[in-house]
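Reproduced below: run09.cif, with mmCIF, C-alpha atoms.
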```
data_entry
#
loop_
_atom_site.label_atom_id
_atom_site.label_comp_id
_atom_site.auth_asym_id
_atom_site.auth_seq_id
_atom_site.Cartn_x
_atom_site.Cartn_y
_atom_site.Cartn_z
CA MET O 954 26.43 25.52 -31.08
CA SER O 955 23.29 23.35 -31.22
CA GLN O 956 22.20 21.79 -34.51
CA LYS O 957 18.95 23.78 -34.50
CA ARG O 958 20.73 27.09 -34.07
CA ALA O 959 23.32 26.19 -36.70
CA THR O 960 20.56 25.23 -39.14
CA LEU O 961 18.79 28.55 -38.57
CA THR O 962 22.10 30.30 -39.20
CA GLY O 963 22.46 28.41 -42.48
CA LEU O 964 18.92 29.38 -43.47
CA LEU O 965 19.85 33.00 -42.81
CA ALA O 966 22.67 32.63 -45.33
CA ILE O 967 20.16 31.54 -47.98
CA VAL O 968 18.06 34.65 -47.35
CA LEU O 969 21.15 36.88 -47.43
CA TRP O 970 22.39 35.40 -50.70
CA SER O 971 18.97 35.84 -52.23
CA THR O 972 19.32 39.61 -51.87
CA ILE O 973 22.65 39.77 -53.72
CA VAL O 974 21.28 40.31 -57.24
CA GLY O 975 19.17 43.32 -56.30
CA LEU O 976 21.75 44.85 -53.95
CA ILE O 977 24.73 44.55 -56.32
CA LYS O 978 22.73 46.20 -59.08
CA SER O 979 21.60 48.98 -56.73
CA VAL O 980 25.18 49.67 -55.61
CA SER O 981 26.50 49.67 -59.19
CA GLU O 982 23.98 52.34 -60.18
CA SER O 983 25.56 54.75 -57.68
CA PHE O 984 29.23 53.74 -57.58
CA GLY O 985 29.67 52.17 -61.02
CA PRO O 986 30.01 48.45 -61.83
CA ILE O 987 33.68 48.14 -60.87
CA GLY O 988 33.80 50.70 -58.06
CA GLY O 989 30.62 49.33 -56.52
CA ALA O 990 31.90 45.76 -56.61
CA ALA O 991 35.26 46.82 -55.14
CA LEU O 992 33.51 48.58 -52.26
CA ILE O 993 31.21 45.62 -51.58
CA TYR O 994 34.04 43.10 -51.38
CA SER O 995 36.24 45.45 -49.36
CA PHE O 996 33.61 45.89 -46.65
CA SER O 997 32.68 42.20 -46.83
CA ALA O 998 36.33 41.26 -46.29
CA ALA O 999 36.45 43.55 -43.26
CA LEU O 1000 33.35 41.88 -41.82
CA LEU O 1001 34.85 38.43 -42.38
CA LEU O 1002 38.04 39.47 -40.62
CA PHE O 1003 35.99 40.20 -37.49
CA THR O 1004 33.69 37.16 -37.74
CA VAL O 1005 35.70 34.34 -39.32
CA GLY O 1006 39.17 35.79 -38.79
CA PHE O 1007 42.22 35.63 -41.02
CA PRO O 1008 43.31 32.07 -41.76
CA SER O 1009 46.74 30.60 -41.19
CA VAL O 1010 47.79 30.64 -44.82
CA ARG O 1011 50.96 28.65 -44.11
CA THR O 1012 48.86 25.61 -43.27
CA PHE O 1013 46.98 25.71 -46.58
CA PRO O 1014 47.84 23.13 -49.24
CA ARG O 1015 49.66 24.99 -52.00
CA ARG O 1016 47.26 23.80 -54.70
CA TYR O 1017 44.27 25.05 -52.70
CA LEU O 1018 45.92 28.40 -52.11
CA LEU O 1019 46.68 28.93 -55.79
CA VAL O 1020 43.82 27.17 -57.60
CA GLY O 1021 41.16 27.93 -54.99
CA SER O 1022 41.93 31.64 -54.86
CA LEU O 1023 42.08 31.94 -58.66
CA LEU O 1024 38.72 30.22 -59.14
CA PHE O 1025 37.01 32.08 -56.29
CA VAL O 1026 38.22 35.52 -57.35
CA SER O 1027 37.33 34.82 -60.98
CA TYR O 1028 33.81 33.75 -60.03
CA GLU O 1029 33.11 36.70 -57.77
CA ILE O 1030 34.33 39.15 -60.40
CA CYS O 1031 32.15 37.48 -63.04
CA LEU O 1032 29.14 37.58 -60.72
CA SER O 1033 29.48 41.18 -59.57
CA LEU O 1034 30.38 42.67 -62.95
CA SER O 1035 27.76 40.67 -64.86
CA LEU O 1036 25.15 42.31 -62.63
CA GLY O 1037 26.84 45.70 -62.53
CA PHE O 1038 27.02 46.07 -66.30
CA THR O 1039 23.34 45.26 -66.91
CA ASN O 1040 21.16 47.92 -68.53
CA SER O 1041 18.10 47.56 -66.32
CA GLY O 1042 16.72 45.90 -63.23
CA ARG O 1043 14.88 43.30 -65.31
CA GLN O 1044 18.08 42.42 -67.15
CA ALA O 1045 19.96 42.11 -63.84
CA ILE O 1046 17.40 39.57 -62.64
CA GLU O 1047 17.73 37.62 -65.89
CA VAL O 1048 21.53 37.64 -65.60
CA GLY O 1049 21.23 36.45 -62.02
CA MET O 1050 19.10 33.56 -63.25
CA VAL O 1051 21.83 32.54 -65.73
CA ASN O 1052 24.26 32.41 -62.81
CA TYR O 1053 22.03 29.83 -61.12
CA LEU O 1054 22.99 27.26 -63.73
CA TRP O 1055 25.90 26.41 -61.43
CA PRO O 1056 24.14 23.76 -59.29
CA GLY O 1057 23.34 21.63 -62.33
CA MET O 1058 26.82 22.15 -63.75
CA THR O 1059 28.33 21.17 -60.39
CA ILE O 1060 26.38 17.92 -60.22
CA VAL O 1061 27.34 16.90 -63.76
CA LEU O 1062 31.00 17.85 -63.27
CA ALA O 1063 31.18 16.04 -59.93
CA ALA O 1064 29.81 12.90 -61.57
CA LEU O 1065 32.40 13.11 -64.35
CA VAL O 1066 35.34 13.86 -62.05
CA ASN O 1067 34.50 11.47 -59.22
CA ARG O 1068 33.15 8.73 -61.51
CA GLN O 1069 30.43 7.87 -59.03
CA LYS O 1070 27.00 6.42 -59.69
CA THR O 1071 24.53 9.27 -59.85
CA SER O 1072 20.86 9.83 -60.45
CA PRO O 1073 19.73 9.25 -64.05
CA LEU O 1074 17.92 12.58 -63.72
CA ILE O 1075 21.17 14.60 -63.82
CA ILE O 1076 21.25 15.23 -67.56
CA PRO O 1077 17.48 15.85 -67.88
CA GLY O 1078 17.79 18.18 -64.90
CA LEU O 1079 20.52 20.23 -66.54
CA LEU O 1080 18.56 20.35 -69.79
CA LEU O 1081 15.54 21.54 -67.81
CA ALA O 1082 17.62 24.36 -66.31
CA VAL O 1083 18.86 25.42 -69.76
CA ALA O 1084 15.28 25.33 -71.02
CA GLY O 1085 14.29 27.47 -68.04
CA ILE O 1086 16.92 30.07 -68.93
CA CYS O 1087 15.67 30.06 -72.52
CA ARG O 1088 12.14 30.57 -71.21
CA VAL O 1089 13.32 33.55 -69.17
CA LEU O 1090 15.26 35.12 -72.06
CA GLY O 1091 12.52 34.45 -74.57
CA GLY O 1092 10.06 36.62 -72.66
CA GLU O 1093 6.52 36.53 -73.96
CA HIS O 1094 7.75 34.80 -77.11
CA ALA O 1095 8.52 31.63 -75.10
CA PHE O 1096 11.27 29.65 -76.83
CA SER O 1097 11.74 31.95 -79.80
CA MET O 1098 15.44 31.64 -80.72
CA SER O 1099 15.43 35.02 -82.45
CA GLU O 1100 14.06 36.70 -79.31
CA ILE O 1101 16.56 34.88 -77.10
CA GLY O 1102 19.38 35.91 -79.44
CA ASN O 1103 18.23 39.54 -79.48
CA ASN O 1104 18.03 39.56 -75.68
CA ILE O 1105 21.55 38.20 -75.29
CA MET O 1106 23.03 40.48 -77.95
CA ASP O 1107 21.56 43.48 -76.17
CA ASN O 1108 24.22 42.90 -73.52
CA PRO O 1109 26.49 39.94 -74.38
CA LEU O 1110 29.06 41.00 -71.75
CA SER O 1111 26.71 40.56 -68.81
CA TYR O 1112 25.16 37.31 -70.02
CA GLY O 1113 28.58 35.94 -70.99
CA LEU O 1114 30.11 36.80 -67.61
CA ALA O 1115 27.18 35.19 -65.80
CA PHE O 1116 27.50 31.96 -67.77
CA CYS O 1117 31.29 31.85 -67.31
CA GLY O 1118 30.80 32.52 -63.60
CA ALA O 1119 28.39 29.59 -63.29
CA ALA O 1120 30.92 27.28 -64.94
CA ILE O 1121 33.79 28.58 -62.81
CA TRP O 1122 31.85 28.14 -59.57
CA ALA O 1123 30.96 24.57 -60.54
CA VAL O 1124 34.67 23.84 -61.01
CA TYR O 1125 35.45 25.56 -57.69
CA CYS O 1126 32.91 23.47 -55.80
CA VAL O 1127 34.26 20.20 -57.21
CA VAL O 1128 37.98 20.96 -57.21
CA THR O 1129 38.43 22.70 -53.86
CA LYS O 1130 36.68 19.90 -51.98
CA LYS O 1131 39.42 17.57 -53.19
CA ILE O 1132 42.41 19.85 -52.53
CA ALA O 1133 41.43 21.99 -49.52
CA ASN O 1134 41.92 19.33 -46.83
CA GLY O 1135 39.47 21.14 -44.57
CA SER O 1136 41.04 24.59 -45.05
CA ASN O 1137 38.78 27.64 -45.25
CA GLY O 1138 40.29 30.54 -47.15
CA ILE O 1139 37.11 32.60 -47.52
CA THR O 1140 38.52 35.71 -45.81
CA LEU O 1141 41.70 35.64 -47.88
CA PHE O 1142 39.71 35.08 -51.06
CA PHE O 1143 37.49 38.08 -50.37
CA ILE O 1144 40.54 40.27 -49.77
CA LEU O 1145 42.09 39.11 -53.04
CA THR O 1146 38.81 39.79 -54.87
CA ALA O 1147 38.64 43.32 -53.47
CA LEU O 1148 42.29 44.04 -54.38
CA THR O 1149 41.78 42.76 -57.93
CA LEU O 1150 38.73 44.97 -58.41
CA TRP O 1151 40.54 48.03 -57.04
CA VAL O 1152 43.40 47.47 -59.50
CA LYS O 1153 40.86 47.30 -62.32
CA PHE O 1154 39.17 50.43 -60.96
CA LEU O 1155 42.42 52.41 -60.94
CA LEU O 1156 43.48 51.28 -64.42
CA SER O 1157 40.26 52.10 -66.28
CA PRO O 1158 38.04 55.20 -66.66
CA GLN O 1159 35.15 55.26 -64.21
CA PRO O 1160 31.80 57.07 -64.12
CA ALA O 1161 31.17 59.83 -61.61
CA LEU O 1162 30.08 58.57 -58.19
CA ALA O 1163 26.54 59.39 -57.04
CA VAL O 1164 26.83 59.12 -53.27
CA SER O 1165 23.57 59.33 -51.35
CA PRO O 1166 22.14 57.92 -48.10
CA GLN O 1167 20.25 55.30 -50.11
CA ALA O 1168 23.42 54.31 -51.99
CA LEU O 1169 25.36 53.95 -48.73
CA LEU O 1170 22.56 51.86 -47.25
CA SER O 1171 22.57 49.55 -50.29
CA LEU O 1172 26.36 49.25 -50.01
CA ALA O 1173 26.17 48.35 -46.32
CA LEU O 1174 23.43 45.77 -46.93
CA ALA O 1175 25.28 44.23 -49.89
CA ALA O 1176 28.52 43.92 -47.89
CA MET O 1177 26.68 42.29 -44.99
CA ALA O 1178 24.80 39.94 -47.31
CA MET O 1179 28.06 38.84 -48.92
CA GLY O 1180 30.24 38.62 -45.81
CA PHE O 1181 27.73 37.29 -43.29
CA GLY O 1182 26.17 35.04 -45.94
CA TYR O 1183 29.38 33.07 -46.42
CA ALA O 1184 30.11 32.99 -42.68
CA ALA O 1185 26.56 31.82 -41.87
CA TRP O 1186 26.57 29.15 -44.57
CA ASN O 1187 29.86 27.75 -43.31
CA THR O 1188 28.37 27.44 -39.81
CA GLY O 1189 25.21 25.79 -41.12
CA ILE O 1190 27.09 23.24 -43.23
CA LEU O 1191 29.49 22.31 -40.43
CA HIS O 1192 27.02 22.04 -37.54
CA GLY O 1193 23.46 22.15 -38.91
CA ASN O 1194 21.02 19.94 -40.79
CA VAL O 1195 22.71 19.75 -44.18
CA ASN O 1196 19.82 17.95 -45.87
CA LEU O 1197 17.36 20.67 -44.86
CA LEU O 1198 19.73 23.43 -45.96
CA ALA O 1199 20.29 21.74 -49.33
CA ALA O 1200 16.55 21.35 -49.88
CA VAL O 1201 15.80 25.00 -49.07
CA SER O 1202 18.69 26.23 -51.24
CA TYR O 1203 16.87 24.81 -54.28
CA PHE O 1204 14.52 27.78 -54.06
CA ILE O 1205 17.23 30.47 -54.10
CA PRO O 1206 16.57 31.39 -57.78
CA ILE O 1207 12.90 32.08 -57.04
CA LEU O 1208 13.52 33.87 -53.73
CA SER O 1209 16.30 35.90 -55.33
CA SER O 1210 14.00 36.97 -58.15
CA VAL O 1211 11.25 38.00 -55.73
CA LEU O 1212 13.61 40.13 -53.62
CA ALA O 1213 15.40 41.60 -56.66
CA ALA O 1214 12.09 42.54 -58.28
CA PHE O 1215 11.14 44.36 -55.07
CA LEU O 1216 14.50 46.11 -54.66
CA LEU O 1217 14.78 47.11 -58.33
CA HIS O 1218 11.08 47.92 -58.84
CA SER O 1219 10.89 45.49 -61.76
CA HIS O 1220 7.82 43.76 -63.13
CA LEU O 1221 8.38 40.08 -63.93
CA THR O 1222 6.08 38.25 -66.31
CA LEU O 1223 4.54 34.79 -66.00
CA SER O 1224 7.06 33.42 -68.49
CA PHE O 1225 9.89 34.56 -66.23
CA TRP O 1226 8.45 32.77 -63.21
CA GLN O 1227 7.93 29.64 -65.28
CA GLY O 1228 11.60 29.71 -66.29
CA ALA O 1229 12.72 30.39 -62.71
CA ALA O 1230 10.72 27.39 -61.51
CA MET O 1231 12.39 25.20 -64.14
CA VAL O 1232 15.83 26.33 -62.96
CA SER O 1233 14.92 25.52 -59.35
CA LEU O 1234 13.60 22.08 -60.29
CA ASN O 1235 16.94 21.35 -61.94
CA SER O 1236 18.60 21.59 -58.52
CA CYS O 1237 16.17 19.03 -57.13
CA ALA O 1238 17.25 16.58 -59.82
#
```

Represent the structure from my file as structure tokens, please.
Amino acid sequence: MSQKRATLTGLLAIVLWSTIVGLIKSVSESFGPIGGAALIYSFSAALLLFTVGFPSVRTFPRRYLLVGSLLFVSYEICLSLSLGFTNSGRQAIEVGMVNYLWPGMTIVLAALVNRQKTSPLIIPGLLLAVAGICRVLGGEHAFSMSEIGNNIMDNPLSYGLAFCGAAIWAVYCVVTKKIANGSNGITLFFILTALTLWVKFLLSPQPALAVSPQALLSLALAAMAMGFGYAAWNTGILHGNVNLLAAVSYFIPILSSVLAAFLLHSHLTLSFWQGAAMVSLNSCA
């Protein structure tokens, strides 16, 4: 595959991932937070089996197999359920923005773990991202701590899961690079995520399903965005222009918010966009 084609494939992954917030929330409204997530990861795993294939698990380093799968499954569950349990489309977009703290966390953690010289802008960048999240959660009251606290306490589960997910994914990005030895367990990890969610689904009471053509369409799109997104990104990183892909990925929080607002019919205020821009600028640092 040529570099140009691989780069375009990687750019497609960025677009696909940017739809995740709106699509997961749409699916959860029809199939429930847990059932919807289980269906998404089940169909995504099936797509990955046909595109990436099932890996030779015996060749995986044992630490990668155990630690990598635990971190990946934990992150995906935090991501999907944090969005699924939100009370509104606007809240889902805010929760998605909290999840995008992971790039800054990854950079700081990588610097601490690898003990390499890094840009002096790392810490200010992370603080800028946190300030951006506060700007988003503060609404029209800007950095009002009482308003931020009220917003979080309205649904502490979703905001807490999103923050934990961001931290877990930062650890995954740093740790797996050191222990994977080139292995790619994405298909296996998706299967494990789906199985974990189905166990949770069977062991807890669930809301009635509201199956409709629109719900099935959202499910199909979410599964493709998840499955093909990871497959496309892997191709782009391996064979494309990594610098270009990294630069464009900085704008995922903004693109994700635009698409989610469209899919969920949500109105986002100027303060939200200001906060989203601050989160994106953190990645550039």

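Between CA of Gly1006 (chain O) and CA of Ala1133 (chain O) the separation is 17.6 Å.
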
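Of the residues under consideration (O:Gly1037, O:Gly1042, O:Gly1049, O:Gly1021), O:Gly1037 shows the shortest atom-to-atom contact distance to Ser981 (chain O) when counting only C-alpha atoms.
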
At a cut-off of 9 Å, using only C-alpha atoms, what residues contact region 1015-1019 of chain O? Leave out same-chain residues fewer than 2 positions from it and give the result as a ChimeraX atom specification.
/O:1010-1013,1021-1024,1128-1129,1131-1134,1136,1138

Using only C-alpha atoms, the shortest atom-to-atom distance to Asn1052 (chain O) among O:Leu969, O:Leu1223, O:Cys1117, O:Ala1230 belongs to O:Cys1117

So which residues touch Leu1054 (chain O) within 12 Å, counting only C-alpha atoms, skipping near sequence neighbours fewer than 2 positions away, as number ranges by chain?
O: 1047-1052, 1056-1061, 1078-1087, 1115-1123, 1203, 1205-1206, 1228-1229, 1231-1236

Generate the output file for the selected residues, C-alpha atoms, as a CSV table (one decimal), keeping the file's coordinate frame.
```
chain,number,residue,atom,x,y,z
O,1047,GLU,CA,17.7,37.6,-65.9
O,1048,VAL,CA,21.5,37.6,-65.6
O,1049,GLY,CA,21.2,36.4,-62.0
O,1050,MET,CA,19.1,33.6,-63.2
O,1051,VAL,CA,21.8,32.5,-65.7
O,1052,ASN,CA,24.3,32.4,-62.8
O,1056,PRO,CA,24.1,23.8,-59.3
O,1057,GLY,CA,23.3,21.6,-62.3
O,1058,MET,CA,26.8,22.2,-63.8
O,1059,THR,CA,28.3,21.2,-60.4
O,1060,ILE,CA,26.4,17.9,-60.2
O,1061,VAL,CA,27.3,16.9,-63.8
O,1078,GLY,CA,17.8,18.2,-64.9
O,1079,LEU,CA,20.5,20.2,-66.5
O,1080,LEU,CA,18.6,20.4,-69.8
O,1081,LEU,CA,15.5,21.5,-67.8
O,1082,ALA,CA,17.6,24.4,-66.3
O,1083,VAL,CA,18.9,25.4,-69.8
O,1084,ALA,CA,15.3,25.3,-71.0
O,1085,GLY,CA,14.3,27.5,-68.0
O,1086,ILE,CA,16.9,30.1,-68.9
O,1087,CYS,CA,15.7,30.1,-72.5
O,1115,ALA,CA,27.2,35.2,-65.8
O,1116,PHE,CA,27.5,32.0,-67.8
O,1117,CYS,CA,31.3,31.8,-67.3
O,1118,GLY,CA,30.8,32.5,-63.6
O,1119,ALA,CA,28.4,29.6,-63.3
O,1120,ALA,CA,30.9,27.3,-64.9
O,1121,ILE,CA,33.8,28.6,-62.8
O,1122,TRP,CA,31.8,28.1,-59.6
O,1123,ALA,CA,31.0,24.6,-60.5
O,1203,TYR,CA,16.9,24.8,-54.3
O,1205,ILE,CA,17.2,30.5,-54.1
O,1206,PRO,CA,16.6,31.4,-57.8
O,1228,GLY,CA,11.6,29.7,-66.3
O,1229,ALA,CA,12.7,30.4,-62.7
O,1231,MET,CA,12.4,25.2,-64.1
O,1232,VAL,CA,15.8,26.3,-63.0
O,1233,SER,CA,14.9,25.5,-59.4
O,1234,LEU,CA,13.6,22.1,-60.3
O,1235,ASN,CA,16.9,21.4,-61.9
O,1236,SER,CA,18.6,21.6,-58.5
```

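Running the PyMOL selection byres ((chain O and resi 1186) around 8) on this file leaves Thr962, Gly963, Leu964, Leu965, Ala966, Ile967, Gly1182, Tyr1183, Ala1184, Ala1185, Asn1187, Thr1188, Gly1189 and Ile1190 of chain O selected.
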
Could you expand the PyMOL selection byres ((chain O and resi 1043) around 12) into the explicit residues it covers here, written as a ChimeraX atom specification?
/O:974-975,978,1036,1039-1042,1044-1050,1089-1090,1092,1104,1210-1211,1213-1222,1225

Please rebuild region 1008-1019 of chain O with all heavy atoms and return the result as a tab-separated table (two decimals), keeping the file's coordinate frame.
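And here is the file that came out, selection.tsv:
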```tsv
chain	number	residue	atom	x	y	z
O	1008	PRO	N	42.82	33.44	-41.89
O	1008	PRO	CA	43.31	32.07	-41.76
O	1008	PRO	C	44.83	31.99	-41.68
O	1008	PRO	O	45.54	32.92	-42.06
O	1008	PRO	CB	42.80	31.40	-43.04
O	1008	PRO	CG	42.76	32.52	-44.03
O	1008	PRO	CD	42.34	33.74	-43.24
O	1009	SER	N	45.30	30.87	-41.21
O	1009	SER	CA	46.74	30.60	-41.19
O	1009	SER	C	47.13	30.07	-42.57
O	1009	SER	O	47.06	28.86	-42.83
O	1009	SER	CB	47.08	29.58	-40.09
O	1009	SER	OG	48.46	29.29	-40.11
O	1010	VAL	N	47.53	30.98	-43.42
O	1010	VAL	CA	47.79	30.64	-44.82
O	1010	VAL	C	48.89	29.60	-44.95
O	1010	VAL	O	48.88	28.76	-45.86
O	1010	VAL	CB	48.14	31.91	-45.62
O	1010	VAL	CG1	48.45	31.57	-47.07
O	1010	VAL	CG2	46.99	32.91	-45.55
O	1011	ARG	N	49.83	29.59	-44.02
O	1011	ARG	CA	50.96	28.65	-44.11
O	1011	ARG	C	50.51	27.20	-44.02
O	1011	ARG	O	51.22	26.31	-44.49
O	1011	ARG	CB	51.97	28.95	-43.01
O	1011	ARG	CG	52.69	30.29	-43.18
O	1011	ARG	CD	53.70	30.51	-42.07
O	1011	ARG	NE	54.42	31.76	-42.23
O	1011	ARG	CZ	55.35	32.20	-41.38
O	1011	ARG	NH1	55.67	31.47	-40.31
O	1011	ARG	NH2	55.94	33.35	-41.59
O	1012	THR	N	49.35	26.98	-43.41
O	1012	THR	CA	48.86	25.61	-43.27
O	1012	THR	C	48.05	25.15	-44.48
O	1012	THR	O	47.67	23.98	-44.57
O	1012	THR	CB	47.97	25.49	-42.01
O	1012	THR	OG1	46.80	26.30	-42.17
O	1012	THR	CG2	48.73	25.93	-40.77
O	1013	PHE	N	47.77	26.06	-45.41
O	1013	PHE	CA	46.98	25.71	-46.58
O	1013	PHE	C	47.80	24.85	-47.55
O	1013	PHE	O	48.97	25.13	-47.79
O	1013	PHE	CB	46.53	26.97	-47.33
O	1013	PHE	CG	45.41	27.72	-46.68
O	1013	PHE	CD1	44.92	27.35	-45.44
O	1013	PHE	CD2	44.82	28.80	-47.31
O	1013	PHE	CE1	43.89	28.04	-44.83
O	1013	PHE	CE2	43.78	29.50	-46.73
O	1013	PHE	CZ	43.32	29.12	-45.48
O	1014	PRO	N	47.17	23.83	-48.14
O	1014	PRO	CA	47.84	23.13	-49.24
O	1014	PRO	C	48.11	24.12	-50.37
O	1014	PRO	O	47.28	24.98	-50.68
O	1014	PRO	CB	46.80	22.08	-49.67
O	1014	PRO	CG	45.94	21.88	-48.46
O	1014	PRO	CD	45.88	23.22	-47.79
O	1015	ARG	N	49.26	24.01	-50.98
O	1015	ARG	CA	49.66	24.99	-52.00
O	1015	ARG	C	48.68	25.02	-53.17
O	1015	ARG	O	48.35	26.08	-53.68
O	1015	ARG	CB	51.06	24.68	-52.50
O	1015	ARG	CG	51.58	25.69	-53.51
O	1015	ARG	CD	53.04	25.47	-53.83
O	1015	ARG	NE	53.86	25.65	-52.64
O	1015	ARG	CZ	55.19	25.51	-52.64
O	1015	ARG	NH1	55.82	25.16	-53.76
O	1015	ARG	NH2	55.87	25.69	-51.52
O	1016	ARG	N	48.20	23.84	-53.57
O	1016	ARG	CA	47.26	23.80	-54.70
O	1016	ARG	C	45.95	24.52	-54.36
O	1016	ARG	O	45.38	25.21	-55.20
O	1016	ARG	CB	46.97	22.35	-55.08
O	1016	ARG	CG	48.08	21.67	-55.85
O	1016	ARG	CD	47.57	20.42	-56.54
O	1016	ARG	NE	46.96	19.48	-55.59
O	1016	ARG	CZ	46.23	18.45	-55.95
O	1016	ARG	NH1	45.99	18.20	-57.23
O	1016	ARG	NH2	45.73	17.63	-55.04
O	1017	TYR	N	45.49	24.36	-53.12
O	1017	TYR	CA	44.27	25.05	-52.70
O	1017	TYR	C	44.48	26.56	-52.68
O	1017	TYR	O	43.62	27.33	-53.10
O	1017	TYR	CB	43.84	24.55	-51.33
O	1017	TYR	CG	42.70	25.33	-50.72
O	1017	TYR	CD1	41.43	25.33	-51.33
O	1017	TYR	CD2	42.85	26.06	-49.55
O	1017	TYR	CE1	40.37	26.04	-50.78
O	1017	TYR	CE2	41.80	26.76	-48.99
O	1017	TYR	CZ	40.57	26.75	-49.61
O	1017	TYR	OH	39.52	27.46	-49.07
O	1018	LEU	N	45.63	26.97	-52.19
O	1018	LEU	CA	45.92	28.40	-52.11
O	1018	LEU	C	45.94	29.04	-53.48
O	1018	LEU	O	45.40	30.14	-53.68
O	1018	LEU	CB	47.27	28.60	-51.40
O	1018	LEU	CG	47.67	30.05	-51.09
O	1018	LEU	CD1	46.66	30.71	-50.18
O	1018	LEU	CD2	49.06	30.08	-50.46
O	1019	LEU	N	46.54	28.36	-54.45
O	1019	LEU	CA	46.68	28.93	-55.79
O	1019	LEU	C	45.41	28.73	-56.62
O	1019	LEU	O	44.83	29.69	-57.14
O	1019	LEU	CB	47.87	28.31	-56.49
O	1019	LEU	CG	49.25	28.58	-55.88
O	1019	LEU	CD1	50.33	27.83	-56.64
O	1019	LEU	CD2	49.54	30.07	-55.85
```
